[in-house]
Every structure is written in structure tokens, then in C-alpha cells.
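Visitor: Structure file start_20.cif (mmCIF, C-alpha atoms) right here:
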data_protein
#
loop_
_atom_site.label_atom_id
_atom_site.label_comp_id
_atom_site.auth_asym_id
_atom_site.auth_seq_id
_atom_site.Cartn_x
_atom_site.Cartn_y
_atom_site.Cartn_z
CA MET A 30 88.88 15.47 -100.91
CA SER A 31 87.86 18.96 -100.03
CA GLU A 32 88.55 21.77 -102.46
CA ASP A 33 88.16 24.33 -99.65
CA PHE A 34 91.64 23.70 -98.26
CA GLY A 35 93.51 22.02 -101.15
CA ASN A 36 94.40 18.47 -102.02
CA ASN A 37 96.02 17.55 -98.67
CA TYR A 38 92.61 17.57 -97.00
CA VAL A 39 90.13 14.74 -96.75
CA VAL A 40 86.82 14.12 -95.01
CA LEU A 41 86.98 11.04 -92.78
CA THR A 42 83.93 9.28 -91.39
CA ASP A 43 84.17 7.66 -87.97
CA GLU A 44 82.46 4.45 -86.89
CA GLU A 45 79.40 6.41 -85.77
CA GLY A 46 78.96 8.12 -89.15
CA ASN A 47 80.31 11.50 -88.07
CA GLU A 48 82.27 13.33 -90.76
CA ARG A 49 85.25 15.54 -89.99
CA GLU A 50 87.84 17.19 -92.21
CA PHE A 51 91.51 16.31 -91.69
CA GLU A 52 94.81 17.35 -93.20
CA HIS A 53 97.14 14.60 -94.41
CA ILE A 54 100.56 15.22 -92.81
CA ASP A 55 102.57 12.12 -93.68
CA THR A 56 102.61 8.65 -95.20
CA VAL A 57 105.03 6.10 -93.77
CA GLY A 58 105.86 2.46 -94.27
CA LEU A 59 106.46 -0.04 -91.48
CA ASP A 60 106.93 -3.80 -91.74
CA GLY A 61 105.66 -3.84 -95.32
CA GLU A 62 102.48 -1.91 -94.48
CA THR A 63 101.55 1.67 -95.43
CA TYR A 64 100.11 4.15 -92.94
CA MET A 65 98.77 7.67 -93.30
CA ALA A 66 98.71 10.33 -90.58
CA PHE A 67 96.17 13.13 -90.32
CA ILE A 68 95.45 16.11 -88.06
CA PRO A 69 92.12 17.98 -87.78
CA ALA A 70 91.76 20.63 -90.50
CA ASP A 71 90.28 23.08 -88.00
CA LEU A 72 93.18 22.77 -85.55
CA LYS A 73 94.07 26.07 -83.88
CA VAL A 74 97.73 27.02 -83.54
CA GLU A 75 97.57 26.98 -79.74
CA GLU A 76 95.90 23.54 -79.63
CA GLU A 77 97.76 20.28 -79.23
CA ALA A 78 97.38 18.20 -82.38
CA GLU A 79 95.28 15.05 -82.32
CA VAL A 80 97.10 12.77 -84.77
CA VAL A 81 94.98 10.10 -86.44
CA ILE A 82 96.92 7.11 -87.78
CA LEU A 83 95.18 4.94 -90.39
CA LYS A 84 96.45 1.84 -92.19
CA VAL A 85 96.08 1.46 -95.96
CA VAL A 86 94.59 -1.95 -96.79
CA GLU A 87 93.24 -3.47 -99.97
CA GLU A 88 89.63 -4.58 -99.96
CA ASP A 89 87.92 -5.89 -103.11
CA GLY A 90 90.69 -4.37 -105.24
CA ASP A 91 90.37 -0.91 -103.68
CA GLU A 92 92.64 0.74 -101.16
CA ILE A 93 90.82 1.85 -98.02
CA LEU A 94 91.90 3.40 -94.73
CA VAL A 95 91.25 1.48 -91.52
CA SER A 96 91.88 2.21 -87.86
CA VAL A 97 94.99 0.76 -86.24
CA GLU A 98 93.70 -1.37 -83.38
CA ASP A 99 97.07 -2.45 -81.94
CA ASP A 100 98.41 0.27 -79.59
CA GLU A 101 102.03 -0.83 -80.02
CA GLU A 102 101.72 -0.71 -83.81
CA ALA A 103 100.09 2.74 -83.63
CA ASP A 104 102.84 4.01 -81.29
CA ARG A 105 105.58 2.80 -83.64
CA VAL A 106 103.91 4.52 -86.61
CA PHE A 107 103.35 7.69 -84.58
CA GLU A 108 107.08 7.84 -83.75
CA LEU A 109 107.98 7.54 -87.45
CA VAL A 110 105.52 10.29 -88.33
CA MET A 111 106.87 12.60 -85.61
CA ASP A 112 110.45 11.97 -86.79
CA ASP A 113 109.41 12.96 -90.33
CA VAL A 114 107.52 16.05 -89.15
CA GLU A 115 110.43 17.20 -86.97
CA SER A 116 112.89 16.71 -89.84
CA MET A 117 110.76 19.01 -92.03
CA TYR A 118 111.47 21.91 -89.71
CA ASP A 119 114.87 23.47 -89.32
CA SER A 120 116.04 25.16 -86.13
CA ASP A 121 113.95 28.30 -86.74
CA GLY A 122 110.73 26.27 -87.21
CA SER A 123 110.02 27.62 -90.68
CA GLY A 124 110.09 24.32 -92.54
CA GLU A 125 112.35 25.95 -95.15
CA ASP A 126 115.57 24.26 -96.21
#
Render the structure in this file as C-alpha cells.
Guide:
Amino acid sequence: MSEDFGNNYVVLTDEEGNEREFEHIDTVGLDGETYMAFIPADLKVEEEAEVVILKVVEEDGDEILVSVEDDEEADRVFELVMDDVESMYDSDGSGED
């Protein structure tokens, strides 16, 4: 985790070895599985967010994040994440209750 931005930030490495910093925006459960959603840490306000959905799986006793290969599964998780994100913001968009 990066200390530059706080504890909601993590460096993810893609399949080609490229590292990029992301902000964790939500964790959701679906069909007994856990998923985490991230957006790029360097996202500009005017830019459309690229949401990365990763599945939490156990491998050799450790939890790791893996890509969601099934488009339908990823779409269902994305909808849950967007519902959660939208519910965090009231009508004025401040995120305050």
C-alpha cells in the first residue's frame, strides 16, 4: 500500500509487469465470492473512471486478487459497486449524510 495517498491506495501489477497505483472504492460480495473495485489513483476529475474489478481468492493460504475473466460476472459486480457508490452520495453530491 502506498503511504503517499493513504491506506485506500494500492499498487497493482498487470500481466505484463506494469505497476500502477489505484484507489480502493468498494468491496462487495456476490454468490459467496468477494470482489474489490479500484479506480486509478491519478484520475482527473473531468475523466471518466476506469473501474477495475478483482476477485479475492485463496492461494496457498494467502488471499490474492485475480482478474475476473467472465464478462457477465464482472458486469454483475460492477452494478453492485455502482449502486454502493451512488448510495454514498446524497442529492447534492457531497457524500455527507
Visitor: Which residue is closest to A:Pro69? Choose from A:Glu98, A:Glu50, A:Glu92, A:Asp113 and count only C-alpha atoms.
Guide: A:Glu50
Visitor: Atom CA of A:Ile93 and atom CA of A:Asp60, how far apart in Å?
Guide: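 Going from atom CA of A:Asp60 over to atom CA of A:Ile93 covers 18.2 Å.
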Visitor: Going by the chain IDs and residue numbers used in this file, which residues fall under the PyMOL selection byres ((chain A and resi 37) around 7)? Write them as a tab-separated table (two decimals) with C-alpha atoms, in the coordinates of the input.
Guide:
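Now in selection_27.tsv:
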chain	number	residue	atom	x	y	z
A	35	GLY	CA	93.51	22.02	-101.15
A	36	ASN	CA	94.40	18.47	-102.02
A	38	TYR	CA	92.61	17.57	-97.00
A	39	VAL	CA	90.13	14.74	-96.75
A	52	GLU	CA	94.81	17.35	-93.20
A	53	HIS	CA	97.14	14.60	-94.41
Visitor: Written as a VMD selection string, which residues does the PyMOL selection byres ((chain A and resi 81) around 10) give for the file shown?
Guide: chain A and resid 51 to 54 65 to 69 78 to 80 82 to 83 96 to 97 103 107
Visitor: So, counting all atoms listed in the file, which residue among A:Asp55, A:Glu76, A:Lys84, A:Glu44 is closest to A:Asp99?
Guide: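 Going through A:Asp55, A:Glu76, A:Lys84, A:Glu44 one by one, the smallest distance to A:Asp99 is for A:Lys84.
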Visitor: Evaluated on this file, the PyMOL selection byres ((chain A and resi 58) around 10) picks out some residues - which ones are they, written as a JSON list (two decimals) with C-alpha atoms, in the coordinates of the input?
Guide:
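Saved as part-v6.json:
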[["chain", "number", "residue", "atom", "x", "y", "z"],
["A", 56, "THR", "CA", 102.61, 8.65, -95.20],
["A", 57, "VAL", "CA", 105.03, 6.10, -93.77],
["A", 59, "LEU", "CA", 106.46, -0.04, -91.48],
["A", 60, "ASP", "CA", 106.93, -3.80, -91.74],
["A", 61, "GLY", "CA", 105.66, -3.84, -95.32],
["A", 62, "GLU", "CA", 102.48, -1.91, -94.48],
["A", 63, "THR", "CA", 101.55, 1.67, -95.43],
["A", 64, "TYR", "CA", 100.11, 4.15, -92.94],
["A", 65, "MET", "CA", 98.77, 7.67, -93.30],
["A", 84, "LYS", "CA", 96.45, 1.84, -92.19],
["A", 85, "VAL", "CA", 96.08, 1.46, -95.96],
["A", 106, "VAL", "CA", 103.91, 4.52, -86.61],
["A", 109, "LEU", "CA", 107.98, 7.54, -87.45],
["A", 110, "VAL", "CA", 105.52, 10.29, -88.33]]
Visitor: Pick from A:Glu101, A:Asp112, A:Leu94, A:Val40: nearest to A:Asp71, with all atoms listed in the file counted?
Guide: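 When distances to A:Asp71 are compared using all atoms listed in the file, the smallest one comes from A:Val40.
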Visitor: Determine the axis-aligned bounding box of all atoms of stretch 97-106 of chain A present in the file, pad each side by 6 Å, and express its centre and edge lengths in Å to one decimal place as JSON.
Guide:
{"center_x": 99.6, "center_y": 1.0, "center_z": -83.1, "size_x": 23.9, "size_y": 19.0, "size_z": 19.0}
Visitor: Would you compute the distance between atom CA of A:Glu115 and atom CA of A:Glu48? Give it in Å to one decimal.
Guide: 28.7 Å
Visitor: What's the separation between atom CA of A:Val95 and atom CA of A:Thr42, in Å to one decimal place?
Guide: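 It comes out at 10.7 Å.
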Visitor: Could you model N, CA and C atoms for stretch 49-82 of chain A and present them as an mmCIF file, in the coordinates of the input?
Guide:
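Saved as rebuild-v5.cif:
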data_model
loop_
_atom_site.group_PDB
_atom_site.id
_atom_site.type_symbol
_atom_site.label_atom_id
_atom_site.label_comp_id
_atom_site.auth_asym_id
_atom_site.auth_seq_id
_atom_site.Cartn_x
_atom_site.Cartn_y
_atom_site.Cartn_z
ATOM 1 N N ARG A 49 84.376 14.470 -90.466
ATOM 2 C CA ARG A 49 85.250 15.540 -89.990
ATOM 3 C C ARG A 49 86.382 15.698 -90.995
ATOM 4 N N GLU A 50 86.778 16.925 -91.237
ATOM 5 C CA GLU A 50 87.840 17.190 -92.210
ATOM 6 C C GLU A 50 89.198 17.145 -91.539
ATOM 7 N N PHE A 51 90.148 16.467 -92.196
ATOM 8 C CA PHE A 51 91.510 16.310 -91.690
ATOM 9 C C PHE A 51 92.512 16.688 -92.762
ATOM 10 N N GLU A 52 93.692 17.075 -92.304
ATOM 11 C CA GLU A 52 94.810 17.350 -93.200
ATOM 12 C C GLU A 52 95.776 16.173 -93.148
ATOM 13 N N HIS A 53 96.151 15.677 -94.317
ATOM 14 C CA HIS A 53 97.140 14.600 -94.410
ATOM 15 C C HIS A 53 98.516 15.214 -94.138
ATOM 16 N N ILE A 54 99.241 14.665 -93.146
ATOM 17 C CA ILE A 54 100.560 15.220 -92.810
ATOM 18 C C ILE A 54 101.714 14.318 -93.190
ATOM 19 N N ASP A 55 101.462 13.006 -93.351
ATOM 20 C CA ASP A 55 102.570 12.120 -93.680
ATOM 21 C C ASP A 55 102.035 10.745 -94.076
ATOM 22 N N THR A 56 102.832 10.060 -94.881
ATOM 23 C CA THR A 56 102.610 8.650 -95.200
ATOM 24 C C THR A 56 103.900 7.928 -94.902
ATOM 25 N N VAL A 57 103.829 6.851 -94.147
ATOM 26 C CA VAL A 57 105.030 6.100 -93.770
ATOM 27 C C VAL A 57 104.795 4.613 -93.999
ATOM 28 N N GLY A 58 105.911 3.900 -94.149
ATOM 29 C CA GLY A 58 105.860 2.460 -94.270
ATOM 30 C C GLY A 58 106.488 1.823 -93.044
ATOM 31 N N LEU A 59 105.930 0.692 -92.618
ATOM 32 C CA LEU A 59 106.460 -0.040 -91.480
ATOM 33 C C LEU A 59 106.109 -1.513 -91.662
ATOM 34 N N ASP A 60 107.123 -2.350 -91.624
ATOM 35 C CA ASP A 60 106.930 -3.800 -91.740
ATOM 36 C C ASP A 60 106.100 -4.187 -92.962
ATOM 37 N N GLY A 61 106.355 -3.516 -94.086
ATOM 38 C CA GLY A 61 105.660 -3.840 -95.320
ATOM 39 C C GLY A 61 104.255 -3.288 -95.446
ATOM 40 N N GLU A 62 103.814 -2.518 -94.465
ATOM 41 C CA GLU A 62 102.480 -1.910 -94.480
ATOM 42 C C GLU A 62 102.621 -0.402 -94.692
ATOM 43 N N THR A 63 101.567 0.227 -95.214
ATOM 44 C CA THR A 63 101.550 1.670 -95.430
ATOM 45 C C THR A 63 100.543 2.307 -94.487
ATOM 46 N N TYR A 64 100.949 3.423 -93.892
ATOM 47 C CA TYR A 64 100.110 4.150 -92.940
ATOM 48 C C TYR A 64 100.042 5.619 -93.341
ATOM 49 N N MET A 65 98.935 6.245 -93.050
ATOM 50 C CA MET A 65 98.770 7.670 -93.300
ATOM 51 C C MET A 65 98.408 8.362 -91.987
ATOM 52 N N ALA A 66 98.964 9.556 -91.802
ATOM 53 C CA ALA A 66 98.710 10.330 -90.580
ATOM 54 C C ALA A 66 97.978 11.619 -90.941
ATOM 55 N N PHE A 67 97.007 11.967 -90.106
ATOM 56 C CA PHE A 67 96.170 13.130 -90.320
ATOM 57 C C PHE A 67 96.029 13.938 -89.029
ATOM 58 N N ILE A 68 95.819 15.248 -89.181
ATOM 59 C CA ILE A 68 95.450 16.110 -88.060
ATOM 60 C C ILE A 68 94.166 16.847 -88.442
ATOM 61 N N PRO A 69 93.366 17.270 -87.457
ATOM 62 C CA PRO A 69 92.120 17.980 -87.780
ATOM 63 C C PRO A 69 92.396 19.240 -88.602
ATOM 64 N N ALA A 70 91.592 19.469 -89.626
ATOM 65 C CA ALA A 70 91.760 20.630 -90.500
ATOM 66 C C ALA A 70 91.487 21.935 -89.756
ATOM 67 N N ASP A 71 90.646 21.864 -88.727
ATOM 68 C CA ASP A 71 90.280 23.080 -88.000
ATOM 69 C C ASP A 71 91.134 23.306 -86.755
ATOM 70 N N LEU A 72 92.294 22.661 -86.709
ATOM 71 C CA LEU A 72 93.180 22.770 -85.550
ATOM 72 C C LEU A 72 93.681 24.205 -85.390
ATOM 73 N N LYS A 73 93.566 24.730 -84.191
ATOM 74 C CA LYS A 73 94.070 26.070 -83.880
ATOM 75 C C LYS A 73 95.557 25.973 -83.514
ATOM 76 N N VAL A 74 96.293 27.020 -83.777
ATOM 77 C CA VAL A 74 97.730 27.020 -83.540
ATOM 78 C C VAL A 74 98.066 26.686 -82.089
ATOM 79 N N GLU A 75 97.274 27.184 -81.157
ATOM 80 C CA GLU A 75 97.570 26.980 -79.740
ATOM 81 C C GLU A 75 97.131 25.597 -79.234
ATOM 82 N N GLU A 76 96.398 24.850 -80.042
ATOM 83 C CA GLU A 76 95.900 23.540 -79.630
ATOM 84 C C GLU A 76 96.942 22.448 -79.884
ATOM 85 N N GLU A 77 96.918 21.451 -79.015
ATOM 86 C CA GLU A 77 97.760 20.280 -79.230
ATOM 87 C C GLU A 77 97.107 19.427 -80.314
ATOM 88 N N ALA A 78 97.919 18.947 -81.246
ATOM 89 C CA ALA A 78 97.380 18.200 -82.380
ATOM 90 C C ALA A 78 96.951 16.793 -81.977
ATOM 91 N N GLU A 79 95.768 16.430 -82.415
ATOM 92 C CA GLU A 79 95.280 15.050 -82.320
ATOM 93 C C GLU A 79 95.719 14.398 -83.632
ATOM 94 N N VAL A 80 96.625 13.430 -83.565
ATOM 95 C CA VAL A 80 97.100 12.770 -84.770
ATOM 96 C C VAL A 80 96.332 11.462 -84.942
ATOM 97 N N VAL A 81 95.735 11.309 -86.118
ATOM 98 C CA VAL A 81 94.980 10.100 -86.440
ATOM 99 C C VAL A 81 95.849 9.271 -87.388
ATOM 100 N N ILE A 82 96.123 8.033 -86.984
ATOM 101 C CA ILE A 82 96.920 7.110 -87.780
ATOM 102 C C ILE A 82 95.983 6.064 -88.384
#
